[in-house]
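Content type PDB, C-alpha atoms, pLDDT in the B column, from the file work-v1.pdb:
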MODEL        1
ATOM      1  CA  MET A  11      66.997 -15.257  59.539  1.00 65.00           C
ATOM      2  CA  GLN A  12      63.265 -15.330  60.191  1.00 88.00           C
ATOM      3  CA  ARG A  13      61.692 -12.035  61.199  1.00 92.00           C
ATOM      4  CA  VAL A  14      59.191 -12.480  64.041  1.00 96.00           C
ATOM      5  CA  LYS A  15      56.925 -10.107  65.913  1.00 97.00           C
ATOM      6  CA  ILE A  16      57.972  -9.605  69.529  1.00 97.00           C
ATOM      7  CA  TRP A  17      56.166  -6.394  70.573  1.00 98.00           C
ATOM      8  CA  ASP A  18      52.430  -5.896  70.150  1.00 98.00           C
ATOM      9  CA  ALA A  19      50.835  -2.566  69.236  1.00 98.00           C
ATOM     10  CA  PHE A  20      49.919  -1.657  72.809  1.00 98.00           C
ATOM     11  CA  VAL A  21      53.452  -2.123  74.172  1.00 98.00           C
ATOM     12  CA  ARG A  22      54.881   0.021  71.386  1.00 98.00           C
ATOM     13  CA  LEU A  23      52.218   2.724  71.626  1.00 98.00           C
ATOM     14  CA  ASN A  24      52.482   2.748  75.409  1.00 98.00           C
ATOM     15  CA  HIS A  25      56.250   3.205  75.221  1.00 97.00           C
ATOM     16  CA  TRP A  26      56.215   6.159  72.831  1.00 97.00           C
ATOM     17  CA  LEU A  27      53.200   7.869  74.396  1.00 97.00           C
ATOM     18  CA  LEU A  28      54.915   7.817  77.790  1.00 97.00           C
ATOM     19  CA  VAL A  29      58.015   9.394  76.219  1.00 95.00           C
ATOM     20  CA  VAL A  30      55.914  12.243  74.808  1.00 97.00           C
ATOM     21  CA  LEU A  31      53.754  12.599  77.914  1.00 97.00           C
ATOM     22  CA  LEU A  32      56.723  12.869  80.280  1.00 95.00           C
ATOM     23  CA  VAL A  33      57.988  15.834  78.267  1.00 95.00           C
ATOM     24  CA  LEU A  34      54.516  17.412  78.263  1.00 97.00           C
ATOM     25  CA  MET A  35      54.069  16.796  81.989  1.00 95.00           C
ATOM     26  CA  TRP A  36      57.352  18.573  82.695  1.00 95.00           C
ATOM     27  CA  TYR A  37      56.465  21.463  80.386  1.00 96.00           C
ATOM     28  CA  THR A  38      52.965  22.012  81.772  1.00 95.00           C
ATOM     29  CA  ALA A  39      54.268  21.953  85.353  1.00 93.00           C
ATOM     30  CA  GLU A  40      57.078  24.395  84.550  1.00 92.00           C
ATOM     31  CA  GLU A  41      54.751  26.799  82.735  1.00 93.00           C
ATOM     32  CA  GLY A  42      51.946  26.548  85.279  1.00 90.00           C
ATOM     33  CA  TYR A  43      49.355  24.896  83.017  1.00 93.00           C
ATOM     34  CA  MET A  44      48.110  22.803  85.914  1.00 91.00           C
ATOM     35  CA  GLU A  45      44.654  22.001  84.534  1.00 91.00           C
ATOM     36  CA  LEU A  46      46.246  20.470  81.446  1.00 94.00           C
ATOM     37  CA  HIS A  47      48.870  18.866  83.688  1.00 94.00           C
ATOM     38  CA  LEU A  48      46.135  17.028  85.600  1.00 92.00           C
ATOM     39  CA  GLN A  49      44.397  15.932  82.411  1.00 93.00           C
ATOM     40  CA  LEU A  50      47.630  14.508  81.034  1.00 95.00           C
ATOM     41  CA  ALA A  51      48.284  12.841  84.394  1.00 95.00           C
ATOM     42  CA  GLY A  52      45.128  10.805  83.899  1.00 95.00           C
ATOM     43  CA  VAL A  53      46.473   9.499  80.597  1.00 97.00           C
ATOM     44  CA  VAL A  54      49.834   8.658  82.177  1.00 97.00           C
ATOM     45  CA  GLY A  55      48.092   6.843  85.012  1.00 97.00           C
ATOM     46  CA  ALA A  56      45.951   4.864  82.577  1.00 98.00           C
ATOM     47  CA  LEU A  57      48.972   3.826  80.496  1.00 98.00           C
ATOM     48  CA  VAL A  58      50.969   2.746  83.549  1.00 98.00           C
ATOM     49  CA  ILE A  59      48.086   0.815  85.125  1.00 98.00           C
ATOM     50  CA  THR A  60      47.305  -0.933  81.837  1.00 98.00           C
ATOM     51  CA  ARG A  61      50.976  -1.775  81.239  1.00 98.00           C
ATOM     52  CA  ILE A  62      51.158  -3.376  84.685  1.00 98.00           C
ATOM     53  CA  LEU A  63      48.037  -5.407  83.912  1.00 98.00           C
ATOM     54  CA  TRP A  64      49.504  -6.276  80.505  1.00 98.00           C
ATOM     55  CA  GLY A  65      52.533  -7.613  82.332  1.00 98.00           C
ATOM     56  CA  PHE A  66      50.326 -10.413  83.667  1.00 98.00           C
ATOM     57  CA  CYS A  67      47.848 -11.094  80.869  1.00 97.00           C
ATOM     58  CA  GLY A  68      49.295  -9.527  77.705  1.00 97.00           C
ATOM     59  CA  SER A  69      51.669 -10.831  75.075  1.00 98.00           C
ATOM     60  CA  GLU A  70      54.246 -13.356  76.246  1.00 98.00           C
ATOM     61  CA  SER A  71      57.134 -10.979  75.581  1.00 97.00           C
ATOM     62  CA  ALA A  72      55.465  -8.274  77.698  1.00 98.00           C
ATOM     63  CA  ARG A  73      54.860 -10.457  80.754  1.00 98.00           C
ATOM     64  CA  PHE A  74      56.953  -9.866  83.845  1.00 98.00           C
ATOM     65  CA  SER A  75      57.431 -13.611  84.245  1.00 97.00           C
ATOM     66  CA  GLN A  76      59.404 -13.613  80.991  1.00 96.00           C
ATOM     67  CA  PHE A  77      61.923 -10.849  81.712  1.00 96.00           C
ATOM     68  CA  VAL A  78      62.082 -10.121  85.451  1.00 96.00           C
ATOM     69  CA  ARG A  79      65.169 -11.895  86.704  1.00 94.00           C
ATOM     70  CA  GLY A  80      67.339 -11.858  89.813  1.00 93.00           C
ATOM     71  CA  PRO A  81      70.677 -10.104  90.433  1.00 94.00           C
ATOM     72  CA  LYS A  82      72.685 -13.063  89.108  1.00 96.00           C
ATOM     73  CA  ALA A  83      70.913 -12.921  85.747  1.00 95.00           C
ATOM     74  CA  VAL A  84      71.463  -9.153  85.524  1.00 95.00           C
ATOM     75  CA  THR A  85      75.162  -9.572  86.334  1.00 95.00           C
ATOM     76  CA  GLN A  86      75.490 -12.395  83.800  1.00 95.00           C
ATOM     77  CA  HIS A  87      73.827 -10.300  81.111  1.00 94.00           C
ATOM     78  CA  LEU A  88      76.133  -7.335  81.751  1.00 93.00           C
ATOM     79  CA  LYS A  89      79.130  -9.678  81.613  1.00 94.00           C
ATOM     80  CA  GLU A  90      77.996 -11.129  78.297  1.00 92.00           C
ATOM     81  CA  PHE A  91      77.362  -7.657  76.926  1.00 91.00           C
ATOM     82  CA  THR A  92      80.776  -6.279  77.875  1.00 91.00           C
ATOM     83  CA  GLN A  93      82.439  -9.357  76.385  1.00 91.00           C
ATOM     84  CA  GLY A  94      80.458  -9.012  73.159  1.00 88.00           C
ATOM     85  CA  GLN A  95      78.670 -12.314  73.675  1.00 89.00           C
ATOM     86  CA  TYR A  96      75.113 -11.076  74.223  1.00 88.00           C
ATOM     87  CA  GLN A  97      72.485 -12.038  71.672  1.00 87.00           C
ATOM     88  CA  PRO A  98      69.065 -10.285  71.646  1.00 88.00           C
ATOM     89  CA  ALA A  99      66.076 -12.320  72.790  1.00 92.00           C
ATOM     90  CA  ASN A 100      62.345 -12.055  72.118  1.00 95.00           C
ATOM     91  CA  THR A 101      61.742  -9.904  75.203  1.00 96.00           C
ATOM     92  CA  HIS A 102      63.666  -7.502  77.458  1.00 95.00           C
ATOM     93  CA  ASN A 103      67.062  -8.663  78.653  1.00 94.00           C
ATOM     94  CA  ALA A 104      67.609  -9.086  82.406  1.00 94.00           C
ATOM     95  CA  ALA A 105      68.977  -5.566  82.937  1.00 93.00           C
ATOM     96  CA  GLY A 106      66.363  -3.963  80.705  1.00 93.00           C
ATOM     97  CA  GLY A 107      63.594  -5.863  82.457  1.00 94.00           C
ATOM     98  CA  LEU A 108      64.755  -4.511  85.807  1.00 93.00           C
ATOM     99  CA  VAL A 109      64.681  -0.967  84.435  1.00 92.00           C
ATOM    100  CA  VAL A 110      61.184  -1.493  83.037  1.00 94.00           C
ATOM    101  CA  VAL A 111      59.864  -2.543  86.457  1.00 95.00           C
ATOM    102  CA  VAL A 112      61.592   0.349  88.243  1.00 94.00           C
ATOM    103  CA  LEU A 113      60.272   2.849  85.694  1.00 94.00           C
ATOM    104  CA  LEU A 114      56.719   1.553  86.007  1.00 96.00           C
ATOM    105  CA  MET A 115      56.845   1.662  89.811  1.00 96.00           C
ATOM    106  CA  THR A 116      58.333   5.158  89.772  1.00 96.00           C
ATOM    107  CA  LEU A 117      55.686   6.371  87.337  1.00 96.00           C
ATOM    108  CA  LEU A 118      52.981   4.845  89.527  1.00 97.00           C
ATOM    109  CA  VAL A 119      54.367   6.616  92.611  1.00 97.00           C
ATOM    110  CA  GLN A 120      54.579   9.820  90.574  1.00 96.00           C
ATOM    111  CA  PHE A 121      50.944   9.524  89.537  1.00 96.00           C
ATOM    112  CA  VAL A 122      49.560   8.632  92.982  1.00 97.00           C
ATOM    113  CA  SER A 123      51.605  11.244  94.836  1.00 97.00           C
ATOM    114  CA  GLY A 124      50.367  13.911  92.426  1.00 95.00           C
ATOM    115  CA  LEU A 125      46.782  13.133  93.347  1.00 95.00           C
ATOM    116  CA  PHE A 126      47.445  14.021  96.998  1.00 96.00           C
ATOM    117  CA  ALA A 127      50.050  16.753  96.510  1.00 96.00           C
ATOM    118  CA  THR A 128      49.798  20.459  97.216  1.00 94.00           C
ATOM    119  CA  ASP A 129      52.270  23.335  97.245  1.00 88.00           C
ATOM    120  CA  ASP A 130      49.920  25.484  99.343  1.00 85.00           C
ATOM    121  CA  ILE A 131      50.026  28.188  96.661  1.00 82.00           C
ATOM    122  CA  PHE A 132      49.314  27.316  93.047  1.00 82.00           C
ATOM    123  CA  PHE A 133      48.442  23.645  92.947  1.00 87.00           C
ATOM    124  CA  SER A 134      46.448  21.063  94.837  1.00 91.00           C
ATOM    125  CA  GLY A 135      45.788  17.550  93.574  1.00 93.00           C
ATOM    126  CA  PRO A 136      42.201  16.274  93.433  1.00 93.00           C
ATOM    127  CA  LEU A 137      42.692  14.256  96.637  1.00 94.00           C
ATOM    128  CA  ALA A 138      44.808  16.770  98.569  1.00 94.00           C
ATOM    129  CA  SER A 139      41.835  17.774 100.709  1.00 93.00           C
ATOM    130  CA  ALA A 140      41.352  14.153 101.789  1.00 94.00           C
ATOM    131  CA  VAL A 141      44.630  14.145 103.748  1.00 96.00           C
ATOM    132  CA  THR A 142      46.307  16.444 106.235  1.00 95.00           C
ATOM    133  CA  ARG A 143      48.285  19.451 105.066  1.00 95.00           C
ATOM    134  CA  ASP A 144      51.557  17.838 106.143  1.00 96.00           C
ATOM    135  CA  THR A 145      50.726  14.683 104.197  1.00 96.00           C
ATOM    136  CA  ALA A 146      49.832  16.719 101.106  1.00 96.00           C
ATOM    137  CA  LEU A 147      53.110  18.640 101.340  1.00 96.00           C
ATOM    138  CA  LEU A 148      54.997  15.357 101.746  1.00 96.00           C
ATOM    139  CA  ALA A 149      53.208  14.038  98.659  1.00 97.00           C
ATOM    140  CA  MET A 150      54.438  17.071  96.730  1.00 96.00           C
ATOM    141  CA  THR A 151      58.007  16.393  97.863  1.00 96.00           C
ATOM    142  CA  ILE A 152      57.684  12.771  96.763  1.00 97.00           C
ATOM    143  CA  HIS A 153      56.162  13.912  93.464  1.00 96.00           C
ATOM    144  CA  LYS A 154      59.101  16.190  92.700  1.00 93.00           C
ATOM    145  CA  THR A 155      61.699  13.680  93.874  1.00 95.00           C
ATOM    146  CA  THR A 156      60.324  10.821  91.796  1.00 95.00           C
ATOM    147  CA  PHE A 157      60.362  13.044  88.723  1.00 94.00           C
ATOM    148  CA  ASN A 158      64.092  13.620  89.220  1.00 94.00           C
ATOM    149  CA  ILE A 159      64.529   9.855  89.605  1.00 94.00           C
ATOM    150  CA  LEU A 160      62.605   9.352  86.370  1.00 93.00           C
ATOM    151  CA  VAL A 161      64.867  11.793  84.552  1.00 93.00           C
ATOM    152  CA  GLY A 162      67.883   9.854  85.807  1.00 93.00           C
ATOM    153  CA  PHE A 163      66.494   6.559  84.556  1.00 91.00           C
ATOM    154  CA  VAL A 164      65.552   8.100  81.199  1.00 90.00           C
ATOM    155  CA  VAL A 165      69.139   9.302  80.765  1.00 92.00           C
ATOM    156  CA  LEU A 166      70.389   5.815  81.732  1.00 91.00           C
ATOM    157  CA  HIS A 167      67.960   4.273  79.247  1.00 90.00           C
ATOM    158  CA  VAL A 168      69.154   6.504  76.403  1.00 92.00           C
ATOM    159  CA  LEU A 169      72.808   5.765  77.218  1.00 93.00           C
ATOM    160  CA  ALA A 170      72.057   2.036  77.197  1.00 92.00           C
ATOM    161  CA  ILE A 171      70.397   2.335  73.778  1.00 92.00           C
ATOM    162  CA  VAL A 172      73.509   4.085  72.437  1.00 94.00           C
ATOM    163  CA  LEU A 173      75.851   1.452  73.919  1.00 93.00           C
ATOM    164  CA  TYR A 174      73.805  -1.401  72.479  1.00 92.00           C
ATOM    165  CA  ARG A 175      73.747   0.334  69.090  1.00 92.00           C
ATOM    166  CA  LEU A 176      77.538   0.606  69.176  1.00 92.00           C
ATOM    167  CA  ARG A 177      77.545  -3.162  69.696  1.00 89.00           C
ATOM    168  CA  GLY A 178      75.389  -3.563  66.605  1.00 88.00           C
ATOM    169  CA  ILE A 179      72.124  -4.139  68.472  1.00 89.00           C
ATOM    170  CA  ASN A 180      69.299  -1.799  67.489  1.00 90.00           C
ATOM    171  CA  LEU A 181      66.775  -1.739  70.341  1.00 91.00           C
ATOM    172  CA  VAL A 182      64.790   1.203  69.005  1.00 94.00           C
ATOM    173  CA  SER A 183      63.734  -0.315  65.682  1.00 94.00           C
ATOM    174  CA  ALA A 184      61.986  -3.275  67.336  1.00 94.00           C
ATOM    175  CA  MET A 185      60.003  -0.894  69.528  1.00 96.00           C
ATOM    176  CA  VAL A 186      58.929   0.986  66.387  1.00 96.00           C
ATOM    177  CA  HIS A 187      57.844  -1.827  64.053  1.00 96.00           C
ATOM    178  CA  GLY A 188      57.624  -4.639  66.607  1.00 97.00           C
ATOM    179  CA  TYR A 189      59.846  -7.191  64.822  1.00 96.00           C
ATOM    180  CA  ARG A 190      63.203  -8.828  65.501  1.00 95.00           C
ATOM    181  CA  GLN A 191      65.191 -11.387  63.541  1.00 92.00           C
ATOM    182  CA  GLY A 192      66.618 -14.686  64.684  1.00 90.00           C
ATOM    183  CA  VAL A 193      64.654 -15.153  67.905  1.00 94.00           C
ATOM    184  CA  PRO A 194      61.831 -17.559  68.880  1.00 95.00           C
ATOM    185  CA  ALA A 195      58.364 -16.149  68.222  1.00 95.00           C
ATOM    186  CA  PRO A 196      56.550 -15.280  71.461  1.00 97.00           C
ATOM    187  CA  ARG A 197      52.784 -15.648  71.803  1.00 97.00           C
ATOM    188  CA  ILE A 198      51.293 -12.281  70.882  1.00 98.00           C
ATOM    189  CA  VAL A 199      48.011 -10.966  72.241  1.00 97.00           C
ATOM    190  CA  SER A 200      46.310  -8.324  70.105  1.00 97.00           C
ATOM    191  CA  GLY A 201      47.464  -4.916  71.292  1.00 97.00           C
ATOM    192  CA  LEU A 202      43.959  -3.620  70.587  1.00 98.00           C
ATOM    193  CA  PHE A 203      42.802  -5.091  73.901  1.00 98.00           C
ATOM    194  CA  GLY A 204      45.460  -3.112  75.751  1.00 98.00           C
ATOM    195  CA  ILE A 205      44.689   0.075  73.834  1.00 98.00           C
ATOM    196  CA  ILE A 206      40.961  -0.189  74.598  1.00 98.00           C
ATOM    197  CA  THR A 207      41.659  -0.944  78.270  1.00 98.00           C
ATOM    198  CA  ALA A 208      43.957   2.081  78.557  1.00 98.00           C
ATOM    199  CA  ALA A 209      41.362   4.297  76.858  1.00 98.00           C
ATOM    200  CA  VAL A 210      38.612   3.165  79.253  1.00 98.00           C
ATOM    201  CA  ILE A 211      40.813   3.691  82.315  1.00 98.00           C
ATOM    202  CA  ALA A 212      41.876   7.115  80.994  1.00 97.00           C
ATOM    203  CA  ALA A 213      38.222   8.113  80.542  1.00 96.00           C
ATOM    204  CA  VAL A 214      37.376   7.008  84.094  1.00 96.00           C
ATOM    205  CA  LEU A 215      40.374   8.843  85.543  1.00 94.00           C
ATOM    206  CA  TYR A 216      39.524  11.961  83.549  1.00 91.00           C
ATOM    207  CA  GLN A 217      36.021  12.082  85.003  1.00 89.00           C
ATOM    208  CA  TRP A 218      37.328  11.355  88.504  1.00 87.00           C
ATOM    209  CA  ILE A 219      40.216  13.809  88.478  1.00 82.00           C
ATOM    210  CA  ASN A 220      38.242  16.608  86.879  1.00 74.00           C
TER     211      ASN A 220
ENDMDL
END
Please express what this file holds, its structure, as structure tokens.
Amino acid sequence: MQRVKIWDAFVRLNHWLLVVLLVLMWYTAEEGYMELHLQLAGVVGALVITRILWGFCGSESARFSQFVRGPKAVTQHLKEFTQGQYQPANTHNAAGGLVVVVLLMTLLVQFVSGLFATDDIFFSGPLASAVTRDTALLAMTIHKTTFNILVGFVVLHVLAIVLYRLRGINLVSAMVHGYRQGVPAPRIVSGLFGIITAAVIAAVLYQWIN
């Protein structure tokens, strides 16, 4: 079967950087390295914002229009999967696409809430002084809650990867090298554009946050 490229360099780099950064964000918050926590937050924000933009103007396989489907499509996919009839496509499946959108929205809420959050003791976000104390405390509650939601979705994501692997479908390898066999070739936009965009946004956020 023909081996075609389905994930560009930006999508793959974005995916693995977010995995690493989520661990680092948790660690820096737990250990009280809040200056580094804020700096890393700027990178997370840049990656999420760029990935959302990439979902409209990036590679065909990365566009929301290609993998965001309704409840019926998600149910149909899960039915096909449980019956062993699912065949991988050149983008996210219906269930995976839903998770991608939820993760991006949760990460965006996590980033924005952190900007306004304060615990009144050790940490205040760069925009905490722009809102009332009650609003800043609420932002901190939202920030902590969305992190727990993220952890839940990460666990769900890992379990899904294991289940698909047991069915003979390796989702991880395609996100590493970008290729999949036996699917139509999507139109690929050079990931370099996404990488440069993310770097520029990260630089702007770094200057703004710090």
Atomic distance CA of Trp64 (chain A) - CA of Ala208 (chain A), expressed in Å with one decimal: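 Answer for the CA of Trp64 (chain A) to CA of Ala208 (chain A) separation: 10.2 Å.
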Which of these, A:Lys154, A:His167, A:Lys82, A:Arg175, has the shortest distance to Glu40 (chain A) once you count all atoms listed in the file?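 Counting all atoms listed in the file, the residue closest to Glu40 (chain A) is A:Lys154.
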Considering only C-alpha atoms, return as a ChimeraX atom specification whatever protein or nucleic-acid residues lie within 12 Å of Leu46 (chain A), sequence-local ones (same chain, fewer than 3 positions apart) excluded. /A:31,34-43,49-53,216,219-220
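Closest approach to Ile171 (chain A) among A:Gly106, A:Gln217, A:Gly192, A:Leu88 is made by A:Gly106 (distances from only C-alpha atoms).
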Quick one: residues within 12 Å of Thr92 (chain A), all atoms listed in the file, excluding same-chain residues fewer than 5 positions away - as a PyMOL selection string? chain A and resi 85-87+97+173-174+176-177
Would you tabulate, counting all atoms listed in the file, all residues of region 107-129 of chain A that have an atom at most 12 Å from an atom of region 65-81 of chain A, showing the closest pair of atoms and their distance in Å to one decimal, sorted by chain then ascending number, as JSON lines?
{"residue": "A:Gly107", "atom": "CA", "partner": "A:Phe77", "partner_atom": "CA", "distance": 5.3}
{"residue": "A:Leu108", "atom": "CA", "partner": "A:Val78", "partner_atom": "CA", "distance": 6.2}
{"residue": "A:Val109", "atom": "CA", "partner": "A:Val78", "partner_atom": "CA", "distance": 9.6}
{"residue": "A:Val110", "atom": "CA", "partner": "A:Val78", "partner_atom": "CA", "distance": 9.0}
{"residue": "A:Val111", "atom": "CA", "partner": "A:Val78", "partner_atom": "CA", "distance": 8.0}
{"residue": "A:Val112", "atom": "CA", "partner": "A:Val78", "partner_atom": "CA", "distance": 10.8}
{"residue": "A:Leu114", "atom": "CA", "partner": "A:Gly65", "partner_atom": "CA", "distance": 10.7}
At a cut-off of 6 Å around the point (53.4, 1.5, 84.4) (file coordinates), what residues fall inside when counting all atoms listed in the file? I'd like the answer as a tab-separated table (two decimals) with C-alpha atoms, in the frame of the given file.
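That gives us selection-v5.tsv:
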chain	number	residue	atom	x	y	z
A	58	VAL	CA	50.97	2.75	83.55
A	59	ILE	CA	48.09	0.82	85.12
A	61	ARG	CA	50.98	-1.78	81.24
A	62	ILE	CA	51.16	-3.38	84.68
A	114	LEU	CA	56.72	1.55	86.01
Care to translate the PyMOL selection byres ((chain A and resi 140-150) around 10) into actual residues of this file, as a ChimeraX atom specification? /A:119-120,122-130,133-139,151-156
Let's have the selection written as an mmCIF file, keeping the file's coordinate frame, with C-alpha atoms.
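Once written, out-v3.cif looks like this:
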data_model
loop_
_atom_site.group_PDB
_atom_site.id
_atom_site.type_symbol
_atom_site.label_atom_id
_atom_site.label_comp_id
_atom_site.auth_asym_id
_atom_site.auth_seq_id
_atom_site.Cartn_x
_atom_site.Cartn_y
_atom_site.Cartn_z
ATOM 1 C CA VAL A 119 54.367 6.616 92.611
ATOM 2 C CA GLN A 120 54.579 9.820 90.574
ATOM 3 C CA VAL A 122 49.560 8.632 92.982
ATOM 4 C CA SER A 123 51.605 11.244 94.836
ATOM 5 C CA GLY A 124 50.367 13.911 92.426
ATOM 6 C CA LEU A 125 46.782 13.133 93.347
ATOM 7 C CA PHE A 126 47.445 14.021 96.998
ATOM 8 C CA ALA A 127 50.050 16.753 96.510
ATOM 9 C CA THR A 128 49.798 20.459 97.216
ATOM 10 C CA ASP A 129 52.270 23.335 97.245
ATOM 11 C CA ASP A 130 49.920 25.484 99.343
ATOM 12 C CA PHE A 133 48.442 23.645 92.947
ATOM 13 C CA SER A 134 46.448 21.063 94.837
ATOM 14 C CA GLY A 135 45.788 17.550 93.574
ATOM 15 C CA PRO A 136 42.201 16.274 93.433
ATOM 16 C CA LEU A 137 42.692 14.256 96.637
ATOM 17 C CA ALA A 138 44.808 16.770 98.569
ATOM 18 C CA SER A 139 41.835 17.774 100.709
ATOM 19 C CA THR A 151 58.007 16.393 97.863
ATOM 20 C CA ILE A 152 57.684 12.771 96.763
ATOM 21 C CA HIS A 153 56.162 13.912 93.464
ATOM 22 C CA LYS A 154 59.101 16.190 92.700
ATOM 23 C CA THR A 155 61.699 13.680 93.874
ATOM 24 C CA THR A 156 60.324 10.821 91.796
#
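Between CA of Phe121 (chain A) and CA of Leu160 (chain A) there is a distance of 12.1 Å.
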Could you tell me how far CA of Asn103 (chain A) sits from CA of Leu27 (chain A), in Å to one decimal place? 22.0 Å
Kindly write region 175-198 of chain A with C-alpha atoms to a file, as a PDB file, in the first residue's frame.
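Okay, this is what ended up in part-v9.pdb:
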ATOM      1  CA  ARG A 175      -3.092  -0.520  19.236  1.00  0.00           C
ATOM      2  CA  LEU A 176      -4.747  -3.709  20.477  1.00  0.00           C
ATOM      3  CA  ARG A 177      -6.894  -3.516  17.344  1.00  0.00           C
ATOM      4  CA  GLY A 178      -3.752  -3.286  15.239  1.00  0.00           C
ATOM      5  CA  ILE A 179      -3.963   0.463  14.621  1.00  0.00           C
ATOM      6  CA  ASN A 180      -0.851   2.411  15.590  1.00  0.00           C
ATOM      7  CA  LEU A 181      -1.854   6.049  16.107  1.00  0.00           C
ATOM      8  CA  VAL A 182       1.427   7.108  17.688  1.00  0.00           C
ATOM      9  CA  SER A 183       3.731   6.257  14.784  1.00  0.00           C
ATOM     10  CA  ALA A 184       1.889   8.553  12.358  1.00  0.00           C
ATOM     11  CA  MET A 185       2.221  11.431  14.812  1.00  0.00           C
ATOM     12  CA  VAL A 186       5.971  10.753  14.984  1.00  0.00           C
ATOM     13  CA  HIS A 187       6.934  10.417  11.310  1.00  0.00           C
ATOM     14  CA  GLY A 188       3.783  11.877   9.755  1.00  0.00           C
ATOM     15  CA  TYR A 189       2.954   9.004   7.369  1.00  0.00           C
ATOM     16  CA  ARG A 190       0.159   6.457   7.039  1.00  0.00           C
ATOM     17  CA  GLN A 191      -0.436   3.693   4.519  1.00  0.00           C
ATOM     18  CA  GLY A 192      -3.482   3.005   2.405  1.00  0.00           C
ATOM     19  CA  VAL A 193      -5.263   6.346   2.741  1.00  0.00           C
ATOM     20  CA  PRO A 194      -5.845   9.219   0.268  1.00  0.00           C
ATOM     21  CA  ALA A 195      -3.122  11.867   0.377  1.00  0.00           C
ATOM     22  CA  PRO A 196      -4.365  15.114   1.941  1.00  0.00           C
ATOM     23  CA  ARG A 197      -3.093  18.503   0.787  1.00  0.00           C
ATOM     24  CA  ILE A 198      -0.155  19.363   3.031  1.00  0.00           C
TER      25      ILE A 198
END
